[in-house]
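> What follows is model.tsv, TSV, C-alpha atoms.
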chain	number	residue	atom	x	y	z
A	1	MET	CA	17.78	-0.29	4.32
A	2	THR	CA	14.35	-1.60	5.29
A	3	ASP	CA	10.91	-1.24	3.79
A	4	PRO	CA	9.15	1.96	4.90
A	5	THR	CA	6.00	1.66	7.02
A	6	ILE	CA	2.98	3.74	7.96
A	7	THR	CA	1.29	3.07	11.29
A	8	TYR	CA	-2.10	4.54	12.18
A	9	ILE	CA	-2.52	4.50	15.97
A	10	PRO	CA	-6.05	4.16	17.48
A	11	VAL	CA	-6.68	7.35	19.45
A	12	GLY	CA	-10.46	7.82	19.23
A	13	ASN	CA	-11.67	10.87	17.31
A	14	GLY	CA	-8.24	12.28	16.56
A	15	ASP	CA	-5.08	11.52	14.61
A	16	THR	CA	-1.70	10.00	15.43
A	17	SER	CA	0.21	8.56	12.46
A	18	LEU	CA	3.80	7.36	12.28
A	19	ILE	CA	5.83	7.12	9.07
A	20	ARG	CA	9.13	5.24	9.14
A	21	LEU	CA	11.36	5.61	6.08
A	22	SER	CA	13.80	3.17	4.57
A	23	ASP	CA	16.72	4.82	6.38
A	24	GLU	CA	14.74	4.48	9.66
A	25	SER	CA	13.94	8.20	9.83
A	26	SER	CA	10.56	8.79	11.48
A	27	ILE	CA	7.79	11.33	10.95
A	28	ILE	CA	4.83	11.73	13.30
A	29	ILE	CA	1.74	13.49	11.95
A	30	ASP	CA	-0.53	14.92	14.68
A	31	CYS	CA	-1.13	13.44	18.12
A	32	ASN	CA	-4.19	12.73	20.23
A	33	ILE	CA	-2.57	10.98	23.17
A	34	ARG	CA	-4.55	10.84	26.40
A	35	VAL	CA	-3.09	10.37	29.87
A	36	ASP	CA	-5.76	7.77	30.73
A	37	SER	CA	-4.36	5.58	27.95
A	38	ARG	CA	-1.61	4.67	30.43
A	39	ASP	CA	-4.20	3.17	32.78
A	40	ASP	CA	-4.27	-0.61	32.37
A	41	GLU	CA	-7.90	-0.65	33.49
A	42	VAL	CA	-8.95	1.44	30.48
A	43	GLU	CA	-8.71	-1.46	28.02
A	44	SER	CA	-10.27	0.30	25.05
A	45	CYS	CA	-7.79	3.20	25.20
A	46	TYR	CA	-4.56	2.40	23.40
A	47	ASP	CA	-1.34	3.84	24.85
A	48	GLY	CA	0.03	5.75	21.89
A	49	HIS	CA	2.90	7.25	23.88
A	50	ALA	CA	4.14	3.80	24.94
A	51	HIS	CA	3.86	2.55	21.35
A	52	LEU	CA	6.01	5.39	20.05
A	53	LEU	CA	8.62	4.87	22.76
A	54	LYS	CA	8.99	1.21	21.79
A	55	VAL	CA	9.46	1.79	18.06
A	56	LEU	CA	11.31	5.10	17.75
A	57	ARG	CA	15.09	5.39	17.52
A	58	HIS	CA	17.11	7.06	20.27
A	59	ASP	CA	19.65	9.82	19.82
A	60	ALA	CA	23.27	9.73	21.01
A	61	GLN	CA	22.15	10.73	24.51
A	62	GLY	CA	19.64	7.89	24.70
A	63	ARG	CA	16.56	10.08	24.26
A	64	PRO	CA	13.63	8.85	22.12
A	65	PHE	CA	13.70	10.81	18.90
A	66	THR	CA	11.55	11.56	15.85
A	67	ASP	CA	13.00	13.34	12.84
A	68	ALA	CA	9.85	15.40	12.32
A	69	PHE	CA	6.51	16.16	13.92
A	70	ILE	CA	3.87	17.67	11.63
A	71	LEU	CA	0.84	19.44	13.09
A	72	THR	CA	-1.86	19.64	10.43
A	73	HIS	CA	-3.79	22.23	12.48
A	74	PRO	CA	-3.98	23.14	16.17
A	75	ASP	CA	-7.35	21.65	17.16
A	76	GLN	CA	-7.18	19.72	20.42
A	77	ASP	CA	-7.82	16.32	18.83
A	78	HIS	CA	-4.71	16.80	16.69
A	79	CYS	CA	-2.34	17.98	19.42
A	80	ARG	CA	-3.76	16.49	22.64
A	81	GLY	CA	-0.92	15.20	24.80
A	82	PHE	CA	1.74	17.20	22.95
A	83	ALA	CA	3.16	18.71	26.15
A	84	SER	CA	3.33	15.39	28.01
A	85	THR	CA	4.58	13.33	25.05
A	86	PHE	CA	7.20	15.57	23.45
A	87	HIS	CA	10.08	17.58	24.84
A	88	THR	CA	9.83	21.33	24.40
A	89	GLY	CA	12.53	23.93	24.97
A	90	ASP	CA	16.31	23.79	24.77
A	91	LEU	CA	17.57	20.20	24.66
A	92	ARG	CA	19.94	21.03	27.52
A	93	THR	CA	16.88	21.16	29.77
A	94	TYR	CA	15.80	17.60	28.92
A	95	GLN	CA	15.14	15.53	32.03
A	96	LYS	CA	13.99	11.99	32.62
A	97	LYS	CA	11.49	11.91	35.47
A	98	LYS	CA	11.15	8.81	37.59
A	99	GLY	CA	7.80	7.10	37.16
A	100	GLU	CA	6.95	9.02	33.98
A	101	PRO	CA	7.43	7.92	30.36
A	102	ASP	CA	10.30	9.58	28.53
A	103	LYS	CA	9.48	12.55	26.38
A	104	ILE	CA	10.24	12.38	22.66
A	105	VAL	CA	12.69	14.81	21.07
A	106	ILE	CA	11.48	16.40	17.82
A	107	GLY	CA	14.24	17.00	15.29
A	108	GLU	CA	12.17	19.30	13.07
A	109	LEU	CA	8.79	20.90	13.75
A	110	TRP	CA	6.41	21.37	10.80
A	111	PHE	CA	3.35	23.60	11.03
A	112	SER	CA	1.19	26.14	9.27
A	113	GLN	CA	1.10	29.77	10.35
A	114	ARG	CA	-2.58	29.21	11.19
A	115	ILE	CA	-1.47	28.82	14.78
A	116	PHE	CA	-0.39	32.46	14.71
A	117	SER	CA	-3.43	33.95	12.94
A	118	ASN	CA	-7.10	33.32	13.70
A	119	TYR	CA	-6.44	32.17	17.23
A	120	GLU	CA	-5.14	35.65	17.97
A	121	ARG	CA	-8.60	36.95	17.06
A	122	GLY	CA	-10.46	35.47	20.01
A	123	GLN	CA	-10.37	31.77	19.15
A	124	LYS	CA	-8.86	29.99	22.12
A	125	LEU	CA	-6.03	27.51	21.93
A	126	SER	CA	-5.98	24.44	24.14
A	127	ASP	CA	-3.12	24.07	26.62
A	128	ASP	CA	-1.38	21.59	24.32
A	129	ALA	CA	-1.77	23.90	21.34
A	130	LYS	CA	-0.30	26.71	23.44
A	131	ALA	CA	2.66	24.46	24.27
A	132	PHE	CA	3.12	23.75	20.56
A	133	LYS	CA	2.90	27.44	19.70
A	134	GLN	CA	5.45	28.33	22.37
A	135	GLU	CA	7.87	25.72	20.99
A	136	ALA	CA	7.30	26.97	17.44
A	137	LEU	CA	8.02	30.53	18.56
A	138	ARG	CA	11.18	29.42	20.35
A	139	ARG	CA	12.48	27.80	17.18
A	140	ILE	CA	11.48	30.74	14.99
A	141	GLN	CA	13.23	33.22	17.28
A	142	LEU	CA	16.33	31.03	17.35
A	143	TYR	CA	16.28	30.84	13.55
A	144	LYS	CA	15.88	34.59	13.17
A	145	SER	CA	18.78	35.17	15.55
A	146	GLY	CA	21.12	33.47	13.09
A	147	SER	CA	22.49	31.20	15.80
A	148	PRO	CA	24.24	28.04	14.51
A	149	GLN	CA	22.03	26.15	16.98
A	150	ARG	CA	19.05	26.77	14.69
A	151	LEU	CA	20.33	24.10	12.29
A	152	LEU	CA	20.63	21.35	14.87
A	153	PRO	CA	18.02	18.60	15.44
A	154	GLY	CA	15.78	19.71	18.25
A	155	ASN	CA	15.69	23.26	16.94
A	156	ARG	CA	14.78	22.90	13.27
A	157	ILE	CA	11.49	24.21	11.89
A	158	ARG	CA	9.57	24.13	8.62
A	159	ILE	CA	6.60	26.35	7.82
A	160	ILE	CA	3.94	25.09	5.42
A	161	GLY	CA	2.02	27.84	3.64
A	162	TYR	CA	2.76	31.51	3.18
A	163	GLY	CA	4.57	34.17	5.18
A	164	GLU	CA	1.52	36.31	5.88
A	165	SER	CA	1.90	36.30	9.65
A	166	GLU	CA	4.11	38.92	11.25
A	167	VAL	CA	5.79	36.08	13.10
A	168	THR	CA	6.64	34.04	10.00
A	169	LYS	CA	7.61	36.84	7.59
A	170	GLY	CA	11.14	36.67	6.27
A	171	LEU	CA	11.45	32.91	6.62
A	172	SER	CA	11.04	31.94	2.98
A	173	ASP	CA	14.09	29.67	3.08
A	174	ILE	CA	12.34	27.36	5.56
A	175	THR	CA	8.84	27.78	4.09
A	176	THR	CA	7.27	25.27	1.71
A	177	ILE	CA	4.45	26.64	-0.42
A	178	PRO	CA	1.46	24.44	-1.37
A	179	GLY	CA	1.75	23.11	-4.90
A	180	SER	CA	5.33	22.00	-4.37
A	181	ALA	CA	7.14	18.84	-3.29
A	182	ILE	CA	9.75	18.48	-0.57
A	183	ASN	CA	12.12	15.63	0.22
A	184	LEU	CA	14.18	17.43	2.88
A	185	ILE	CA	13.39	15.98	6.33
A	186	ASN	CA	15.31	17.22	9.36
A	187	GLY	CA	18.24	18.33	7.22
A	188	SER	CA	18.44	15.07	5.26
A	189	VAL	CA	17.55	14.79	1.56
A	190	LYS	CA	15.57	11.60	0.90
A	191	SER	CA	16.08	9.83	-2.42
A	192	ASP	CA	13.04	7.54	-2.04
A	193	PHE	CA	10.50	9.71	-0.21
A	194	SER	CA	8.84	13.09	-0.53
A	195	PHE	CA	5.73	15.00	0.43
A	196	PHE	CA	3.62	16.85	-2.11
A	197	VAL	CA	2.00	19.76	-0.28
A	198	HIS	CA	-1.56	20.50	-1.40
A	199	ALA	CA	-2.85	22.91	1.25
A	200	PRO	CA	-3.53	25.21	3.03
A	201	PHE	CA	-4.26	27.69	0.27
A	202	LYS	CA	-3.36	31.30	0.78
A	203	ARG	CA	-6.98	32.42	0.97
A	204	ASP	CA	-7.65	29.99	3.82
A	205	VAL	CA	-4.81	30.99	6.13
A	206	ILE	CA	-6.53	34.00	7.65
A	207	GLY	CA	-10.24	34.31	8.38
A	208	ALA	CA	-11.25	30.82	7.27
A	209	ASP	CA	-12.94	27.99	9.11
A	210	ARG	CA	-10.26	26.39	11.27
A	211	ASN	CA	-10.64	22.96	9.64
A	212	ASN	CA	-10.00	24.44	6.21
A	213	THR	CA	-6.54	25.61	7.21
A	214	SER	CA	-5.38	22.02	7.64
A	215	ILE	CA	-2.14	20.96	6.02
A	216	VAL	CA	-2.94	18.42	3.27
A	217	LEU	CA	-0.10	16.14	2.18
A	218	GLN	CA	0.45	13.34	-0.29
A	219	ALA	CA	3.27	11.11	1.00
A	220	ARG	CA	5.21	9.53	-1.88
A	221	PHE	CA	7.36	6.43	-1.37
A	222	GLY	CA	9.73	5.72	-4.24
A	223	THR	CA	11.28	2.59	-5.72
A	224	ASN	CA	13.79	1.85	-8.44
A	225	ASN	CA	10.87	1.63	-10.85
A	226	ALA	CA	8.89	4.43	-12.45
A	227	GLU	CA	5.78	3.75	-10.36
A	228	PRO	CA	5.76	4.98	-6.74
A	229	ALA	CA	5.70	2.09	-4.28
A	230	GLY	CA	3.10	3.79	-2.12
A	231	LEU	CA	1.02	6.97	-2.03
A	232	ALA	CA	-0.73	8.10	1.15
A	233	PHE	CA	-2.97	11.09	1.85
A	234	PHE	CA	-3.07	13.01	5.13
A	235	GLY	CA	-5.64	15.80	5.19
A	236	GLY	CA	-6.28	16.78	8.79
A	237	ASP	CA	-9.86	18.07	9.00
A	238	ALA	CA	-10.06	19.63	5.52
A	239	CYS	CA	-13.67	19.82	4.31
A	240	TRP	CA	-15.10	19.03	0.87
A	241	ASP	CA	-14.51	22.52	-0.60
A	242	ILE	CA	-10.78	22.33	0.09
A	243	TRP	CA	-10.65	18.94	-1.63
A	244	ALA	CA	-12.62	20.43	-4.54
A	245	GLN	CA	-9.91	23.07	-4.93
A	246	ILE	CA	-7.21	20.42	-4.66
A	247	LEU	CA	-8.92	18.46	-7.44
A	248	LYS	CA	-9.13	21.56	-9.62
A	249	ARG	CA	-5.51	22.62	-9.16
A	250	SER	CA	-3.69	19.30	-9.17
A	251	ARG	CA	-2.18	16.90	-11.67
A	252	THR	CA	-3.28	13.27	-11.64
A	253	GLU	CA	0.00	12.02	-10.18
A	254	THR	CA	-0.44	14.24	-7.11
A	255	LEU	CA	-4.02	13.02	-6.57
A	256	THR	CA	-3.37	9.29	-6.79
A	257	TRP	CA	-3.44	7.28	-3.57
A	258	ASP	CA	-3.14	3.84	-2.01
A	259	LEU	CA	-3.87	4.87	1.60
A	260	PHE	CA	-6.36	7.59	2.51
A	261	LEU	CA	-6.78	8.82	6.09
A	262	SER	CA	-10.41	9.93	6.07
A	263	PRO	CA	-10.57	13.67	6.84
A	264	HIS	CA	-12.05	14.83	10.12
A	265	HIS	CA	-12.30	11.29	11.50
A	266	CYS	CA	-14.77	9.95	8.95
A	267	SER	CA	-16.95	13.05	9.08
A	268	TRP	CA	-19.66	13.80	6.51
A	269	SER	CA	-17.92	17.17	5.98
A	270	PHE	CA	-15.59	15.52	3.45
A	271	PHE	CA	-18.62	14.80	1.27
A	272	ASN	CA	-20.83	17.84	1.88
A	273	ASP	CA	-21.05	20.88	4.14
A	274	VAL	CA	-24.83	20.51	4.32
A	275	PRO	CA	-25.89	18.17	7.17
A	276	TYR	CA	-26.72	14.69	5.97
A	277	GLU	CA	-30.33	14.90	7.14
A	278	ASN	CA	-30.79	17.84	4.75
A	279	ASN	CA	-28.77	16.52	1.82
A	280	THR	CA	-27.74	12.89	1.43
A	281	ARG	CA	-25.86	13.39	-1.83
A	282	PRO	CA	-22.08	13.67	-1.65
A	283	LYS	CA	-20.33	16.29	-3.74
A	284	GLN	CA	-19.12	14.95	-7.05
A	285	THR	CA	-15.67	16.44	-6.45
A	286	SER	CA	-15.25	14.39	-3.29
A	287	LEU	CA	-16.18	11.22	-5.13
A	288	GLU	CA	-13.65	12.10	-7.84
A	289	ILE	CA	-10.93	12.48	-5.21
A	290	LEU	CA	-11.70	8.98	-3.96
A	291	ARG	CA	-11.72	7.55	-7.49
A	292	HIS	CA	-8.10	8.51	-7.95
A	293	HIS	CA	-7.09	5.46	-5.92
A	294	ARG	CA	-4.97	2.62	-7.24
A	295	PRO	CA	-6.02	-1.06	-7.14
A	296	GLY	CA	-6.19	-2.48	-3.63
A	297	ALA	CA	-6.42	0.95	-1.98
A	298	THR	CA	-7.45	1.34	1.67
A	299	VAL	CA	-9.31	4.00	3.67
A	300	ILE	CA	-8.49	4.44	7.36
A	301	ALA	CA	-10.93	6.12	9.76
A	302	SER	CA	-9.12	7.46	12.81
A	303	SER	CA	-12.24	7.62	14.94
A	304	LYS	CA	-14.20	5.99	17.70
A	305	PRO	CA	-16.37	3.00	16.67
A	306	ILE	CA	-18.80	3.89	13.88
A	307	ARG	CA	-22.51	3.45	14.70
A	308	ASP	CA	-25.65	3.94	12.66
A	309	ASP	CA	-26.64	7.00	14.69
A	310	ASP	CA	-26.52	10.80	14.52
A	311	ASP	CA	-22.85	11.19	15.42
A	312	ASN	CA	-20.64	13.26	13.14
A	313	PRO	CA	-17.78	12.43	13.41
A	314	PRO	CA	-17.64	9.58	12.77
A	315	HIS	CA	-20.57	9.53	10.39
A	316	TYR	CA	-22.18	6.26	9.36
A	317	ALA	CA	-23.14	7.45	5.85
A	318	ALA	CA	-19.57	8.68	5.27
A	319	ALA	CA	-18.26	5.22	6.14
A	320	VAL	CA	-20.75	3.71	3.68
A	321	GLN	CA	-19.44	5.96	0.91
A	322	TYR	CA	-15.82	4.98	1.60
A	323	LYS	CA	-16.74	1.29	1.60
A	324	ARG	CA	-18.53	1.67	-1.73
A	325	GLU	CA	-15.29	2.95	-3.22
A	326	VAL	CA	-12.72	0.54	-1.79
A	327	GLY	CA	-14.81	-2.32	-0.37
A	328	SER	CA	-15.52	-3.24	3.25
A	329	ASP	CA	-12.34	-5.32	3.49
A	330	HIS	CA	-10.28	-2.23	2.70
A	331	PHE	CA	-11.91	0.11	5.20
A	332	PHE	CA	-10.56	0.19	8.76
A	333	CYS	CA	-11.99	2.05	11.72
A	334	LEU	CA	-9.02	2.16	14.08
A	335	CYS	CA	-11.05	1.81	17.28
A	336	GLU	CA	-12.76	-1.30	15.90
A	337	THR	CA	-9.61	-3.10	14.70
A	338	PRO	CA	-9.24	-5.92	15.57
A	339	SER	CA	-11.89	-5.32	18.26
A	340	GLU	CA	-13.49	-2.44	20.13
A	341	ASP	CA	-12.30	-3.79	23.49
A	342	LYS	CA	-8.64	-3.97	22.49
A	343	PRO	CA	-7.90	-1.90	19.40
A	344	GLU	CA	-4.42	-2.09	17.87
A	345	PRO	CA	-2.62	0.11	15.34
A	346	VAL	CA	-3.14	-0.56	11.66
A	347	MET	CA	0.22	-0.81	9.92
A	348	PHE	CA	1.28	-1.02	6.29
A	349	ARG	CA	4.68	-1.97	4.94
A	350	ILE	CA	5.46	-0.15	1.69
A	351	THR	CA	6.94	-2.65	-0.76
A	352	ALA	CA	7.64	-2.68	-4.49
A	353	LYS	CA	4.26	-4.41	-4.81
A	354	GLY	CA	2.56	-1.56	-2.99
A	355	PRO	CA	1.38	-1.17	0.62
A	356	GLN	CA	0.96	-4.52	2.38
A	357	ARG	CA	-0.92	-4.66	5.64
A	358	ILE	CA	0.84	-6.25	8.61
A	359	GLU	CA	-1.83	-8.15	10.52
A	360	SER	CA	-0.46	-7.51	14.01
A	361	SER	CA	0.84	-4.01	14.72
A	362	THR	CA	1.75	-4.27	18.40
A	363	PRO	CA	5.17	-2.76	19.19
A	364	SER	CA	6.91	-6.16	19.46
A	365	ARG	CA	5.64	-7.14	16.03
A	366	VAL	CA	6.52	-3.73	14.62
A	367	GLN	CA	10.10	-4.06	15.83
A	368	SER	CA	10.54	-7.51	14.33
A	369	VAL	CA	9.13	-6.45	10.98
A	370	SER	CA	11.30	-3.34	10.79
A	371	ALA	CA	14.39	-5.53	11.04
A	372	VAL	CA	13.41	-7.68	8.04
A	373	GLN	CA	14.36	-6.69	4.52
A	374	VAL	CA	12.44	-7.88	1.51
A	375	SER	CA	14.85	-9.88	-0.60
A	376	VAL	CA	12.73	-10.14	-3.75
A	377	ARG	CA	11.01	-7.07	-5.17
A	378	ASN	CA	8.65	-7.48	-8.11
A	379	PRO	CA	7.32	-4.41	-9.91
A	380	ARG	CA	3.69	-3.64	-9.20
A	381	ILE	CA	1.53	-3.60	-12.29
A	382	TYR	CA	-1.53	-1.36	-12.48
A	383	GLY	CA	-4.51	-1.64	-14.77
Could you take the file, read its structure, and then write that structure out as structure tokens?

Amino acid sequence: MTDPTITYIPVGNGDTSLIRLSDESSIIIDCNIRVDSRDDEVESCYDGHAHLLKVLRHDAQGRPFTDAFILTHPDQDHCRGFASTFHTGDLRTYQKKKGEPDKIVIGELWFSQRIFSNYERGQKLSDDAKAFKQEALRRIQLYKSGSPQRLLPGNRIRIIGYGESEVTKGLSDITTIPGSAINLINGSVKSDFSFFVHAPFKRDVIGADRNNTSIVLQARFGTNNAEPAGLAFFGGDACWDIWAQILKRSRTETLTWDLFLSPHHCSWSFFNDVPYENNTRPKQTSLEILRHHRPGATVIASSKPIRDDDDNPPHYAAAVQYKREVGSDHFFCLCETPSEDKPEPVMFRITAKGPQRIESSTPSRVQSVSAVQVSVRNPRIYG
């Protein structure tokens, strides 16, 4: 058993996060992987696909493999590169193509039915989102058929939300409703890890702003002690009003965090739906969400470099608010770390003392760290 890790990969305005558990299971949340990242001449564009290939396990057939891929919502900056990075279709059709990076096999696909609702009402899906939807439909149809193949890695699915869609009705046994926790990943029950699912809420599945249908998760890493070793939030592009509802409905233990991936790539929308030039005051509920952090907490902005300009996202004033809460030393813009010219992933090892940042997160360093076990574990004490 090794210490779990979370790696946030620099992909510009978009998300690609990798969780590795103590049993070496892996979970990828969203992807924004560009083909030009494979071009050595594009120095500021990190090759997320290559990074994943170097750190993921391989299955018995030698194919790169992740236990789960979670799509928070089907906007392009959360699924860009899905078709070129991940295998879709029956595993018997898997092929390695000369001169191209291997595609990653997904054991279990997690998604919200959002992909089957509003986009059928005139909102267009990107090509990668269409590829994701097609793969989700394939797995749903296989599951509904009752075939034993539905329970095998490469075919498994999990729906987050409610069975309102005609496509997802009747699948309650593989549906996780917000307000509940789940520790079943790709058919394996985890004793030291779980997700608490906060959103999407039922009212937001159909007819809502697309960002407000994002899956919002609290990742919980356990230890032998009463205190969780690490708590990390993933919120897609959820805006301030969704977080206000989360605050209203949730218990303190499901709001607490050590690592917070800033929603919508450090957008002002987490703090207020009114443009900053018209209202510079953040919503109190958003500030309360941030104040549920534990000592030494960190905010990660998965965005391009943050400038004092009119961009949104990332938004300069939003970055200022995050820094006020956790301090400048505990705020990382992925495309500025360690430099804008050559950004590298930001990685945390989850220990009994809490999340500890690993200074270098290049694949070679990641592999060496994953092979090291912590021999002495001291309980973390909180004020």
> Hey, what's within 12 Å of Tyr143 of chain A if we count only C-alpha atoms and toss same-chain stuff fewer than 6 positions away? As a PyMOL selection string, please?
chain A and resi 136-137+149-152+155-158+167-168+170-174
> Write to file, as a short mmCIF file (atom, residue, chain, number, x, y, z; two decimals), in the frame of the given file, the residues of the selection just made, with C-alpha atoms.

data_model
loop_
_atom_site.label_atom_id
_atom_site.label_comp_id
_atom_site.auth_asym_id
_atom_site.auth_seq_id
_atom_site.Cartn_x
_atom_site.Cartn_y
_atom_site.Cartn_z
CA ALA A 136 7.30 26.97 17.44
CA LEU A 137 8.02 30.53 18.56
CA GLN A 149 22.03 26.15 16.98
CA ARG A 150 19.05 26.77 14.69
CA LEU A 151 20.33 24.10 12.29
CA LEU A 152 20.63 21.35 14.87
CA ASN A 155 15.69 23.26 16.94
CA ARG A 156 14.78 22.90 13.27
CA ILE A 157 11.49 24.21 11.89
CA ARG A 158 9.57 24.13 8.62
CA VAL A 167 5.79 36.08 13.10
CA THR A 168 6.64 34.04 10.00
CA GLY A 170 11.14 36.67 6.27
CA LEU A 171 11.45 32.91 6.62
CA SER A 172 11.04 31.94 2.98
CA ASP A 173 14.09 29.67 3.08
CA ILE A 174 12.34 27.36 5.56
#
> Which centre and which edge lengths, in Å to one decimal, describe the axis-aligned box that holds all listed atoms of segment 243-261 of chain A after 8 Å is added on each side, as AutoDock Vina command-line options?

--center_x -6.3 --center_y 13.5 --center_z -2.8 --size_x 28.6 --size_y 35.2 --size_z 33.8
> Determine, for each residue of segment 80-163 of chain A having at least one atom at most 10 Å from an atom of segment 53-58 of chain A, the closest pair of atoms and their separation in Å to one decimal, counting only C-alpha atoms; order by chain and ascending number, as a Markdown table.

| residue | atom | partner | partner_atom | distance |
| --- | --- | --- | --- | --- |
| A:Thr85 | CA | A:Leu53 | CA | 9.7 |
| A:Pro101 | CA | A:Leu53 | CA | 8.3 |
| A:Asp102 | CA | A:Leu53 | CA | 7.6 |
| A:Lys103 | CA | A:Leu53 | CA | 8.5 |
| A:Ile104 | CA | A:Leu53 | CA | 7.7 |
| A:Val105 | CA | A:His58 | CA | 9.0 |
> As an exercise, work out the distance from atom CA of Ile70 of chain A to atom CA of Leu125 of chain A in Å and give it to one decimal place.
17.3 Å
> Quick one: of A:Lys133, A:Arg324, A:Arg139, A:Arg20, who's nearest to Leu71 of chain A, counting all atoms listed in the file?
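Counting all atoms listed in the file, the residue closest to Leu71 of chain A is A:Lys133.
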> Using only C-alpha atoms, which residue out of A:Gln218, A:Gln76, A:Thr285, A:Thr337 lies closest to Phe193 of chain A?
A:Gln218
> Counting all atoms listed in the file, which residue out of A:Pro228, A:Arg357, A:Arg281, A:Glu108 sits closest to Gln321 of chain A?
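Checking each candidate against Gln321 of chain A, we get A:Arg281 as the closest.
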> Taking 5 positions as the minimum chain separation for residues in the same chain, which residues sit within 9 Å of Trp268 of chain A when counting only C-alpha atoms? Answer as a PyMOL selection string.
chain A and resi 239-240+273-276+282+312-319
> Calculate how many Å separate atom CA of Phe116 of chain A from atom CA of Ile6 of chain A, rounding to one decimal.
29.7 Å
> As a ChimeraX atom specification, please: the residues near Arg294 of chain A (cut-off 7 Å, all atoms listed in the file, same-chain neighbours under 4 positions excluded).
/A:256-258
> Which residue gives the smallest distance to Gly222 of chain A among A:Ile358, A:Arg251, A:Asp311, A:Ala352, with only C-alpha atoms counted?
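Closest to Gly222 of chain A of all the choices is A:Ala352.
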> I want to know what sits within 6 Å of segment 229-236 of chain A, based on only C-alpha atoms, with residues of the same chain fewer than 5 positions away left out; could you give that as JSON, numbers by chain?
{"A": [72, 214, 216, 217, 218, 219, 220, 221, 222, 223, 257, 258, 259, 260, 261, 263, 350, 352, 354, 355]}
> For a quick check of understanding, using all atoms listed in the file, which of A:Val346, A:Ala129, A:Ile160, A:Ile115 has the smallest distance to Thr5 of chain A?
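Distance minimum relative to Thr5 of chain A lands on A:Val346.
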